[in-house]
file structure15.txt (compact mmCIF, C-alpha atoms)
# COMPACT_ATOMS: atom_id res chain seq x y z
CA MET A 16 21.27 8.99 -24.17
CA LYS A 17 17.53 8.57 -23.80
CA LEU A 18 15.79 7.12 -20.82
CA SER A 19 12.20 6.02 -20.67
CA LEU A 20 9.86 6.81 -17.85
CA LEU A 21 9.45 4.17 -15.24
CA VAL A 22 6.14 2.56 -16.00
CA VAL A 23 5.38 2.63 -12.32
CA THR A 24 5.69 6.40 -12.03
CA VAL A 25 2.05 7.20 -11.46
CA ILE A 26 1.32 3.90 -9.76
CA ALA A 27 4.06 4.42 -7.25
CA LEU A 28 2.74 7.79 -6.21
CA GLY A 29 -0.89 6.83 -6.31
CA ALA A 30 -1.21 3.25 -5.21
CA ALA A 31 0.74 3.63 -2.06
CA GLY A 32 -0.44 7.13 -1.39
CA ALA A 33 3.19 7.69 -0.71
CA GLY A 34 3.85 11.30 -1.43
CA PRO A 35 7.16 12.89 -0.64
CA ALA A 36 8.29 12.57 2.93
CA ALA A 37 8.53 15.41 5.38
CA ALA A 38 11.06 18.06 4.48
CA HIS A 39 10.72 17.08 0.88
CA HIS A 40 8.57 18.54 -1.84
CA SER A 41 4.97 17.99 -2.75
CA ALA A 42 4.49 15.82 -5.84
CA ALA A 43 2.21 18.59 -7.09
CA ALA A 44 5.26 20.86 -7.22
CA MET A 45 6.90 18.59 -9.82
CA ASP A 46 6.16 18.40 -13.52
CA PHE A 47 5.72 14.73 -14.42
CA GLN A 48 4.59 15.59 -17.95
CA ASN A 49 7.84 17.28 -18.95
CA THR A 50 10.70 15.21 -17.60
CA VAL A 51 14.32 16.14 -18.24
CA GLU A 52 17.63 14.28 -18.23
CA ILE A 53 20.45 15.37 -15.94
CA GLU A 54 24.00 14.03 -15.72
CA GLY A 55 26.10 14.33 -12.61
CA VAL A 56 28.39 12.68 -10.09
CA VAL A 57 26.78 10.83 -7.20
CA GLN A 58 27.58 12.40 -3.81
CA GLU A 59 25.04 10.50 -1.74
CA ILE A 60 22.44 7.85 -2.51
CA GLU A 61 19.98 6.16 -0.21
CA VAL A 62 17.54 3.76 -1.84
CA VAL A 63 14.82 3.34 0.76
CA ASN A 64 11.06 3.45 1.23
CA PRO A 65 8.98 5.45 0.81
CA HIS A 66 11.36 7.40 -1.46
CA LEU A 67 14.97 7.18 -2.54
CA THR A 68 17.16 10.22 -2.05
CA LEU A 69 20.05 11.18 -4.27
CA VAL A 70 22.55 14.02 -4.14
CA LEU A 71 24.13 14.66 -7.51
CA ARG A 72 26.98 17.11 -8.31
CA VAL A 73 25.76 18.83 -11.44
CA THR A 74 27.54 21.26 -13.72
CA ASP A 75 25.49 23.36 -16.15
CA GLU A 76 25.13 26.96 -17.26
CA ARG A 77 24.29 27.90 -13.67
CA GLY A 78 27.57 26.50 -12.39
CA THR A 79 28.58 23.46 -10.35
CA ARG A 80 26.55 22.52 -7.27
CA ASP A 81 25.14 19.58 -5.34
CA ILE A 82 21.45 19.02 -5.96
CA GLU A 83 19.20 16.79 -3.87
CA PHE A 84 16.61 14.68 -5.63
CA GLU A 85 14.04 12.21 -4.40
CA GLY A 86 12.52 9.34 -6.32
CA HIS A 87 10.63 6.10 -6.36
CA SER A 88 10.53 3.67 -3.45
CA ARG A 89 13.15 0.97 -3.02
CA ASN A 90 10.58 -1.68 -3.93
CA ASN A 91 9.57 0.09 -7.12
CA VAL A 92 13.08 0.68 -8.42
CA TYR A 93 14.00 -2.91 -7.56
CA ARG A 94 11.19 -4.16 -9.79
CA ALA A 95 12.35 -1.70 -12.44
CA GLY A 96 15.83 -3.23 -12.47
CA TRP A 97 17.75 -1.58 -9.63
CA ARG A 98 19.99 -3.86 -7.59
CA PRO A 99 22.12 -3.08 -4.54
CA ASP A 100 25.37 -1.26 -5.31
CA ILE A 101 24.80 -0.69 -9.02
CA VAL A 102 25.09 3.01 -8.20
CA LYS A 103 27.95 4.12 -5.94
CA VAL A 104 29.20 7.42 -4.61
CA GLY A 105 31.56 8.88 -7.22
CA ASP A 106 29.77 7.32 -10.20
CA THR A 107 28.72 9.53 -13.09
CA ILE A 108 25.10 8.72 -13.89
CA THR A 109 22.26 10.16 -15.92
CA ILE A 110 18.84 10.50 -14.34
CA ARG A 111 15.42 11.30 -15.74
CA VAL A 112 13.67 13.76 -13.50
CA ALA A 113 10.27 15.36 -13.12
CA PRO A 114 11.60 18.89 -12.51
CA MET A 115 10.34 21.44 -10.03
CA ARG A 116 7.59 23.53 -11.60
CA ASP A 117 9.09 26.72 -10.23
CA GLY A 118 12.41 26.06 -11.97
CA SER A 119 14.39 25.52 -8.78
CA ASP A 120 16.92 22.71 -8.40
CA GLY A 121 15.68 19.22 -7.54
CA GLY A 122 12.85 17.01 -8.67
CA TYR A 123 11.63 13.43 -8.68
CA VAL A 124 13.81 10.71 -10.21
CA THR A 125 11.82 8.37 -12.45
CA ALA A 126 14.66 6.51 -14.24
CA PHE A 127 18.44 6.41 -14.39
CA GLU A 128 21.37 4.98 -16.30
CA THR A 129 24.33 3.80 -14.27
CA ALA A 130 28.02 4.35 -14.91
CA SER A 131 28.28 0.91 -16.49
CA GLY A 132 25.27 1.48 -18.73
CA GLU A 133 22.66 -0.41 -16.77
CA ARG A 134 19.25 1.15 -17.15
CA VAL A 135 16.71 1.25 -14.36
CA GLY A 136 13.18 1.94 -15.44
CA VAL A 137 13.85 1.50 -19.14
CA MET B 23 -37.32 -43.10 24.21
CA PHE B 24 -37.77 -39.36 24.07
CA LYS B 25 -34.15 -38.87 25.22
CA THR B 26 -32.92 -41.31 22.61
CA LEU B 27 -34.85 -39.52 19.87
CA THR B 28 -33.49 -36.15 21.00
CA ALA B 29 -29.97 -37.51 21.00
CA CYS B 30 -30.46 -38.90 17.49
CA LEU B 31 -31.75 -35.55 16.24
CA ARG B 32 -28.80 -33.74 17.83
CA TYR B 33 -26.39 -36.19 16.18
CA ALA B 34 -28.11 -35.70 12.84
CA SER B 35 -27.91 -31.91 13.18
CA VAL B 36 -24.25 -32.00 14.09
CA THR B 37 -23.57 -34.34 11.17
CA VAL B 38 -25.33 -31.97 8.77
CA LEU B 39 -23.43 -28.97 10.15
CA LEU B 40 -20.06 -30.70 9.94
CA THR B 41 -20.79 -32.00 6.47
CA GLY B 42 -21.81 -28.53 5.36
CA THR B 43 -18.63 -26.98 6.74
CA ALA B 44 -16.45 -29.64 5.16
CA TRP B 45 -18.19 -29.17 1.83
CA ALA B 46 -17.73 -25.41 1.93
CA GLN B 47 -14.02 -25.76 2.73
CA ALA B 48 -13.43 -28.47 0.18
CA GLU B 49 -15.25 -26.64 -2.60
CA ALA B 50 -14.02 -23.11 -1.92
CA PRO B 51 -11.71 -21.76 -4.63
CA ASP B 52 -8.15 -21.12 -3.52
CA PHE B 53 -7.13 -17.46 -3.84
CA THR B 54 -3.63 -18.13 -2.50
CA GLY B 55 -0.94 -16.37 -4.51
CA VAL B 56 0.57 -13.04 -5.46
CA TRP B 57 -1.65 -10.66 -7.40
CA THR B 58 -1.05 -7.45 -9.33
CA ASN B 59 -3.21 -4.93 -11.14
CA TYR B 60 -5.30 -6.46 -13.90
CA ARG B 61 -4.29 -4.84 -17.19
CA GLY B 62 -6.77 -6.45 -19.60
CA PRO B 63 -9.92 -4.96 -21.13
CA GLY B 64 -11.58 -2.52 -18.77
CA GLY B 65 -8.48 -2.17 -16.60
CA GLY B 66 -8.14 -3.00 -12.97
CA GLY B 67 -10.61 -0.46 -11.73
CA GLY B 68 -10.48 0.48 -8.11
CA ARG B 69 -9.32 4.04 -8.54
CA GLY B 70 -11.11 6.95 -10.12
CA GLY B 71 -14.81 6.60 -10.69
CA PRO B 72 -17.53 8.73 -9.16
CA ALA B 73 -16.87 11.05 -6.26
CA LEU B 74 -17.79 9.86 -2.78
CA PRO B 75 -21.36 10.92 -1.86
CA LEU B 76 -20.20 12.75 1.26
CA THR B 77 -22.48 14.31 3.83
CA ALA B 78 -22.00 17.97 4.75
CA GLU B 79 -20.24 16.91 7.96
CA ALA B 80 -17.83 14.70 6.04
CA GLN B 81 -17.16 17.37 3.42
CA ALA B 82 -16.19 19.83 6.15
CA LYS B 83 -13.79 17.34 7.73
CA VAL B 84 -12.20 16.43 4.40
CA ALA B 85 -11.82 20.12 3.49
CA ASP B 86 -10.18 20.82 6.82
CA TYR B 87 -7.71 17.97 6.29
CA GLN B 88 -6.95 19.06 2.73
CA SER B 89 -6.24 22.60 3.89
CA LEU B 90 -3.58 21.14 6.18
CA VAL B 91 -1.76 18.89 3.73
CA SER B 92 -2.30 20.42 0.31
CA PRO B 93 0.33 23.15 0.64
CA THR B 94 3.11 20.62 1.31
CA GLY B 95 1.78 17.41 -0.22
CA GLU B 96 2.12 15.50 3.05
CA THR B 97 0.59 12.01 3.01
CA PRO B 98 0.35 9.16 5.52
CA GLY B 99 2.48 7.06 3.17
CA GLY B 100 5.20 9.67 3.20
CA HIS B 101 5.41 8.97 6.93
CA CYS B 102 5.29 5.17 6.52
CA LEU B 103 1.67 4.93 7.67
CA GLY B 104 -0.59 2.50 5.81
CA THR B 105 -3.55 3.66 3.77
CA GLY B 106 -6.32 1.78 5.57
CA MET B 107 -9.48 0.28 4.10
CA PRO B 108 -10.84 0.61 1.51
CA GLY B 109 -7.91 2.50 -0.01
CA SER B 110 -5.45 -0.27 0.84
CA MET B 111 -7.51 -2.77 -1.15
CA LEU B 112 -8.59 -0.51 -4.03
CA GLY B 113 -5.08 0.89 -4.45
CA SER B 114 -3.20 -2.39 -4.21
CA GLY B 115 -1.75 -3.87 -7.35
CA GLY B 116 0.61 -1.05 -8.17
CA TYR B 117 2.48 -2.76 -5.43
CA PRO B 118 1.41 -6.42 -5.45
CA MET B 119 -0.62 -8.17 -2.78
CA GLU B 120 -0.33 -11.70 -1.46
CA ILE B 121 -3.20 -13.89 -0.29
CA ILE B 122 -2.59 -16.85 2.02
CA GLN B 123 -5.71 -18.94 2.43
CA ARG B 124 -6.61 -21.36 5.21
CA PRO B 125 -10.09 -22.65 5.97
CA ASP B 126 -10.31 -20.60 9.18
CA GLN B 127 -8.39 -17.49 8.10
CA ILE B 128 -7.44 -15.66 4.94
CA THR B 129 -4.47 -13.32 5.24
CA ILE B 130 -4.08 -10.50 2.74
CA ILE B 131 -0.73 -8.69 2.62
CA TYR B 132 -0.44 -5.47 0.67
CA GLU B 133 3.22 -4.86 -0.12
CA ALA B 134 2.89 -1.09 0.20
CA HIS B 135 3.51 -0.19 3.83
CA ASN B 136 3.32 -3.89 4.78
CA GLU B 137 -0.40 -3.54 5.39
CA ILE B 138 -1.97 -6.81 6.52
CA ARG B 139 -5.61 -7.80 6.75
CA ARG B 140 -6.80 -10.98 8.40
CA VAL B 141 -10.19 -12.33 7.43
CA TYR B 142 -11.52 -14.62 10.13
CA PHE B 143 -14.00 -17.45 9.80
CA GLY B 144 -16.19 -19.34 12.25
CA GLU B 145 -14.82 -19.78 15.74
CA ARG B 146 -11.84 -17.52 15.09
CA ILE B 147 -14.18 -14.53 15.01
CA ILE B 148 -14.04 -12.64 18.33
CA PRO B 149 -16.95 -10.64 19.82
CA GLU B 150 -17.32 -7.06 18.58
CA SER B 151 -16.79 -5.78 22.12
CA ASP B 152 -13.26 -7.28 22.08
CA ARG B 153 -12.13 -5.62 18.85
CA PHE B 154 -9.95 -2.53 18.49
CA PRO B 155 -10.83 0.00 15.80
CA GLU B 156 -8.05 -0.01 13.20
CA ARG B 157 -7.32 1.62 9.87
CA ASN B 158 -8.02 -1.66 8.10
CA GLY B 159 -10.84 -2.60 10.46
CA TYR B 160 -11.81 -6.10 11.56
CA SER B 161 -12.80 -8.51 8.82
CA THR B 162 -14.92 -11.64 8.89
CA GLY B 163 -15.50 -13.96 5.96
CA ARG B 164 -18.00 -16.43 4.68
CA TRP B 165 -18.45 -18.39 1.47
CA GLU B 166 -21.52 -18.08 -0.73
CA GLY B 167 -20.75 -20.84 -3.22
CA ASP B 168 -17.58 -19.75 -5.03
CA THR B 169 -17.87 -16.18 -3.79
CA LEU B 170 -15.90 -15.03 -0.76
CA VAL B 171 -17.83 -12.38 1.16
CA VAL B 172 -15.73 -10.21 3.49
CA ASP B 173 -17.46 -7.95 5.99
CA THR B 174 -15.30 -5.22 7.54
CA THR B 175 -16.22 -3.01 10.50
CA GLN B 176 -14.38 -1.46 13.48
CA LEU B 177 -12.74 1.09 11.21
CA ARG B 178 -11.19 4.30 12.42
CA GLU B 179 -12.51 7.57 11.10
CA GLN B 180 -10.24 8.54 8.21
CA VAL B 181 -10.13 11.66 6.10
CA ASP B 182 -6.51 10.99 5.12
CA GLN B 183 -7.31 8.62 2.29
CA ARG B 184 -9.19 8.92 -1.00
CA TYR B 185 -12.19 7.03 0.42
CA ALA B 186 -12.98 9.02 3.54
CA HIS B 187 -15.24 7.34 6.08
CA SER B 188 -16.31 7.51 9.71
CA ASP B 189 -15.84 4.88 12.39
CA GLN B 190 -19.39 3.76 11.64
CA ALA B 191 -18.52 2.61 8.11
CA ARG B 192 -19.13 -0.96 6.96
CA ILE B 193 -17.38 -2.41 3.92
CA VAL B 194 -18.56 -5.55 2.16
CA GLU B 195 -16.33 -7.12 -0.49
CA ARG B 196 -17.41 -9.98 -2.74
CA TYR B 197 -14.45 -11.83 -4.29
CA THR B 198 -14.74 -14.12 -7.29
CA MET B 199 -12.04 -15.80 -9.35
CA SER B 200 -12.13 -16.38 -13.10
CA GLU B 201 -9.66 -17.28 -15.82
CA GLU B 202 -8.62 -15.25 -18.82
CA ASP B 203 -6.13 -16.49 -21.42
CA GLY B 204 -4.96 -19.13 -18.99
CA ARG B 205 -4.32 -16.62 -16.21
CA LYS B 206 -6.33 -16.32 -13.02
CA VAL B 207 -8.19 -13.06 -12.48
CA LEU B 208 -9.53 -11.99 -9.09
CA THR B 209 -12.42 -9.53 -8.91
CA ALA B 210 -13.66 -7.69 -5.83
CA GLU B 211 -16.98 -5.89 -5.84
CA MET B 212 -16.97 -3.55 -2.88
CA THR B 213 -19.72 -1.53 -1.24
CA MET B 214 -19.14 0.88 1.62
CA THR B 215 -22.02 2.16 3.72
CA ASP B 216 -21.61 4.86 6.32
CA PRO B 217 -24.49 6.58 8.14
CA VAL B 218 -22.25 9.49 9.19
CA PHE B 219 -20.08 10.22 6.14
CA LEU B 220 -22.05 8.94 3.14
CA THR B 221 -25.48 9.98 1.84
CA GLU B 222 -25.75 6.66 -0.04
CA PRO B 223 -23.68 3.49 -0.43
CA PHE B 224 -20.47 3.78 -2.44
CA SER B 225 -19.49 0.91 -4.71
CA ALA B 226 -16.33 0.11 -6.67
CA VAL B 227 -14.86 -2.85 -8.55
CA LYS B 228 -11.21 -3.90 -8.39
CA ARG B 229 -9.47 -6.59 -10.44
CA TRP B 230 -6.10 -8.30 -10.14
CA SER B 231 -4.17 -10.85 -12.23
CA ILE B 232 -2.16 -13.66 -10.69
CA VAL B 233 1.64 -13.30 -10.79
CA PRO B 234 3.03 -16.81 -11.44
CA ASN B 235 5.76 -17.56 -8.93
CA GLY B 236 5.42 -13.99 -7.70
CA PHE B 237 6.80 -12.67 -4.44
CA LEU B 238 6.36 -9.69 -2.18
CA MET B 239 9.20 -7.54 -0.93
CA THR B 240 9.39 -6.26 2.60
CA TYR B 241 8.43 -2.60 2.71
CA GLU B 242 11.04 -1.33 5.14
CA CYS B 243 10.24 2.31 5.67
CA ASN B 244 10.90 3.57 9.20
CA GLU B 245 14.63 2.94 9.50
CA PRO B 246 15.70 6.36 8.14
CA ASN B 247 13.38 8.01 10.66
CA TRP B 248 14.92 5.97 13.46
CA HIS B 249 18.42 6.92 12.29
CA ARG B 250 17.39 10.57 12.39
CA VAL B 251 16.28 10.09 16.00
CA LEU B 252 19.66 8.54 16.82
CA ASP B 253 21.45 11.45 15.11
CA GLU B 254 19.46 13.92 17.22
CA LEU B 255 20.22 12.00 20.41
CA ARG B 256 23.90 11.83 19.47
CA ALA B 257 24.03 15.55 18.76
CA GLU B 258 22.29 16.31 22.06
CA ARG B 259 24.65 14.03 23.99
CA ASP B 260 27.77 15.37 22.32
CA SER B 261 26.75 19.00 22.75
CA ALA B 262 26.47 18.39 26.51
CA GLY B 263 30.22 17.75 26.62
CA PRO B 264 32.13 15.52 29.05
CA GLU B 265 30.39 16.95 32.11
CA GLY B 266 27.02 16.11 30.59
CA THR B 267 27.97 12.48 30.47
CA GLN B 268 28.81 12.29 34.16
CA PRO B 269 26.33 10.26 36.22
call {"tool": "encode", "arguments": {"input": "structure15.txt", "output": "structure tokens"}}
result
Amino acid sequence: MKLSLLVVTVIALGAAGAGPAAAHHSAAAMDFQNTVEIEGVVQEIEVVNPHLTLVLRVTDERGTRDIEFEGHSRNNVYRAGWRPDIVKVGDTITIRVAPMRDGSDGGYVTAFETASGERVGV
Amino acid sequence: MFKTLTACLRYASVTVLLTGTAWAQAEAPDFTGVWTNYRGPGGGGGRGGPALPLTAEAQAKVADYQSLVSPTGETPGGHCLGTGMPGSMLGSGGYPMEIIQRPDQITIIYEAHNEIRRVYFGERIIPESDRFPERNGYSTGRWEGDTLVVDTTQLREQVDQRYAHSDQARIVERYTMSEEDGRKVLTAEMTMTDPVFLTEPFSAVKRWSIVPNGFLMTYECNEPNWHRVLDELRAERDSAGPEGTQP
């Protein structure tokens, strides 16, 4: 499954000057040039401005754990195809993420594919 | 006789003034609509370009601010605070902007952070002494033929945007509308002068394309912060126990 970058990736960060909110990570700490795809089960999702937040239960070679991600604003993902309730807690989804440069868990969500195959940002 | 002549001259002057105003309003192009970044040849402009010609005082203030926010990447937008002029205008388009035009006022809404600018004309312009300094300043407008000239002052000193400026800054924007492949294009030529922060005027050009039947979304942003406040209050109340709730 391949997801394309949201075309608004750079615009969203730059035009609004809307960097990550307090208690989140600096955009400079994320690698937007080398995005990765991650599959997991949605534990929490809040699609708001200035940034959405998503907690995904991920299983990989490092084990199973809940990872918190942030991502584009509600307005940006809406224009990229997101609609209310297309992602629910318990859904298995795939996200495209600008990962943390230091290799730690987390990152910035730039696109995702829902459980029913709808693509946001593609 | 003299009084009659004076009255006639006054009437003639008023007639000329009224006719001139009516002509300007009738002939002015209508910028009303939703606009997004121009993506044709040359791009939309607005961002990038030469560095601001900052004075030593301004450089020190910007460096101090950057030393605060660079380690964490904090931004005003991350805290739901608008960018302020000229960043709000030069950055708009990634999120669209809407223009609502009346003869006596033009309202510009930038979707990001719900920033709103009101450009006043004629009698709607209040004295400078009655204006508050704001991040988007106070804007007055006038028409020079088909060109809308917007003059913005009463800005707050800002080092928390790309286009740092003092509260003495003045921004003049000249808006013209053209058509390209059947689609309206809006161009703003902007010049910012600032005797405190800039060693010379700074100029930039920004372009937008019309979005047919476009719309803006509300940029709700503060509700999660408010919910966090309620959570803290709830935790504080509940930790006090039953006795803490007694009057």
call {"tool": "residues_around", "arguments": {"input": "structure15.txt", "residues": "range 117-126 of chain B", "least_positions_apart": "4", "cutoff": "10 Å", "atoms": "only C-alpha atoms", "output": "PyMOL selection string"}}
result
(chain A and resi 23+26-27+30-31+90-91+94) or (chain B and resi 43-44+46-48+50-59+110-111+113+130-147+163-164+230-233+236-239)
call {"tool": "residues_around", "arguments": {"input": "structure15.txt", "residues": "Glu133 in chain A", "least_positions_apart": "2", "cutoff": "9 Å", "atoms": "all atoms listed in the file", "output": "PyMOL selection string"}}
result
chain A and resi 96-97+101+127-131+135
call {"tool": "atom_distance", "arguments": {"input": "structure15.txt", "atom1": "CA of Ile60 in chain A", "atom2": "CA of Lys103 in chain A"}}
result
7.5 Å
call {"tool": "closest_residue", "arguments": {"input": "structure15.txt", "among": "B:Thr215, B:Thr240, B:Thr162, B:Asn235", "to": "chain A", "atoms": "all atoms listed in the file"}}
result
B:Thr240
call {"tool": "interface_residues", "arguments": {"input": "structure15.txt", "of": "chain B", "to": "chain A", "cutoff": "8 Å", "atoms": "all atoms listed in the file", "output": "ChimeraX atom specification"}}
result
/B:93-102,105,110,113-117,134-135,183,239,241-244
call {"tool": "atom_distance", "arguments": {"input": "structure15.txt", "atom1": "CA of Phe224 in chain B", "atom2": "CA of Leu74 in chain B"}}
result
6.7 Å
call {"tool": "atom_distance", "arguments": {"input": "structure15.txt", "atom1": "CA of Glu59 in chain A", "atom2": "CA of Glu245 in chain B"}}
result
17.1 Å
call {"tool": "residues_around", "arguments": {"input": "structure15.txt", "residues": "range 115-118 of chain A", "least_positions_apart": "3", "cutoff": "8 Å", "atoms": "only C-alpha atoms", "output": "ChimeraX atom specification"}}
result
/A:44-46,121-122
call {"tool": "write_last_selection", "arguments": {"input": "structure15.txt", "atoms": "C-alpha atoms", "output": "PDB file, in the frame of the given file"}}
result
ATOM      1  CA  ALA A  44       5.260  20.860  -7.220  1.00  0.00           C
ATOM      2  CA  MET A  45       6.900  18.590  -9.820  1.00  0.00           C
ATOM      3  CA  ASP A  46       6.160  18.400 -13.520  1.00  0.00           C
ATOM      4  CA  GLY A 121      15.680  19.220  -7.540  1.00  0.00           C
ATOM      5  CA  GLY A 122      12.850  17.010  -8.670  1.00  0.00           C
TER       6      GLY A 122
END
call {"tool": "closest_residue", "arguments": {"input": "structure15.txt", "among": "A:Leu67, A:Ile82, A:His87, A:Ala113", "to": "Thr50 in chain A", "atoms": "all atoms listed in the file"}}
result
A:Ala113
call {"tool": "residues_near_point", "arguments": {"input": "structure15.txt", "point": "(29.8, 7.9, -12.3)", "cutoff": "6 Å", "atoms": "only C-alpha atoms", "output": "CSV table (one decimal) with C-alpha atoms, keeping the file's coordinate frame"}}
result
chain,number,residue,atom,x,y,z
A,56,VAL,CA,28.4,12.7,-10.1
A,105,GLY,CA,31.6,8.9,-7.2
A,106,ASP,CA,29.8,7.3,-10.2
A,107,THR,CA,28.7,9.5,-13.1
A,108,ILE,CA,25.1,8.7,-13.9
A,130,ALA,CA,28.0,4.4,-14.9
call {"tool": "closest_residue", "arguments": {"input": "structure15.txt", "among": "A:Pro114, A:Pro99, A:Gly132, A:Gly55", "to": "Gly86 in chain A", "atoms": "only C-alpha atoms"}}
result
A:Pro114
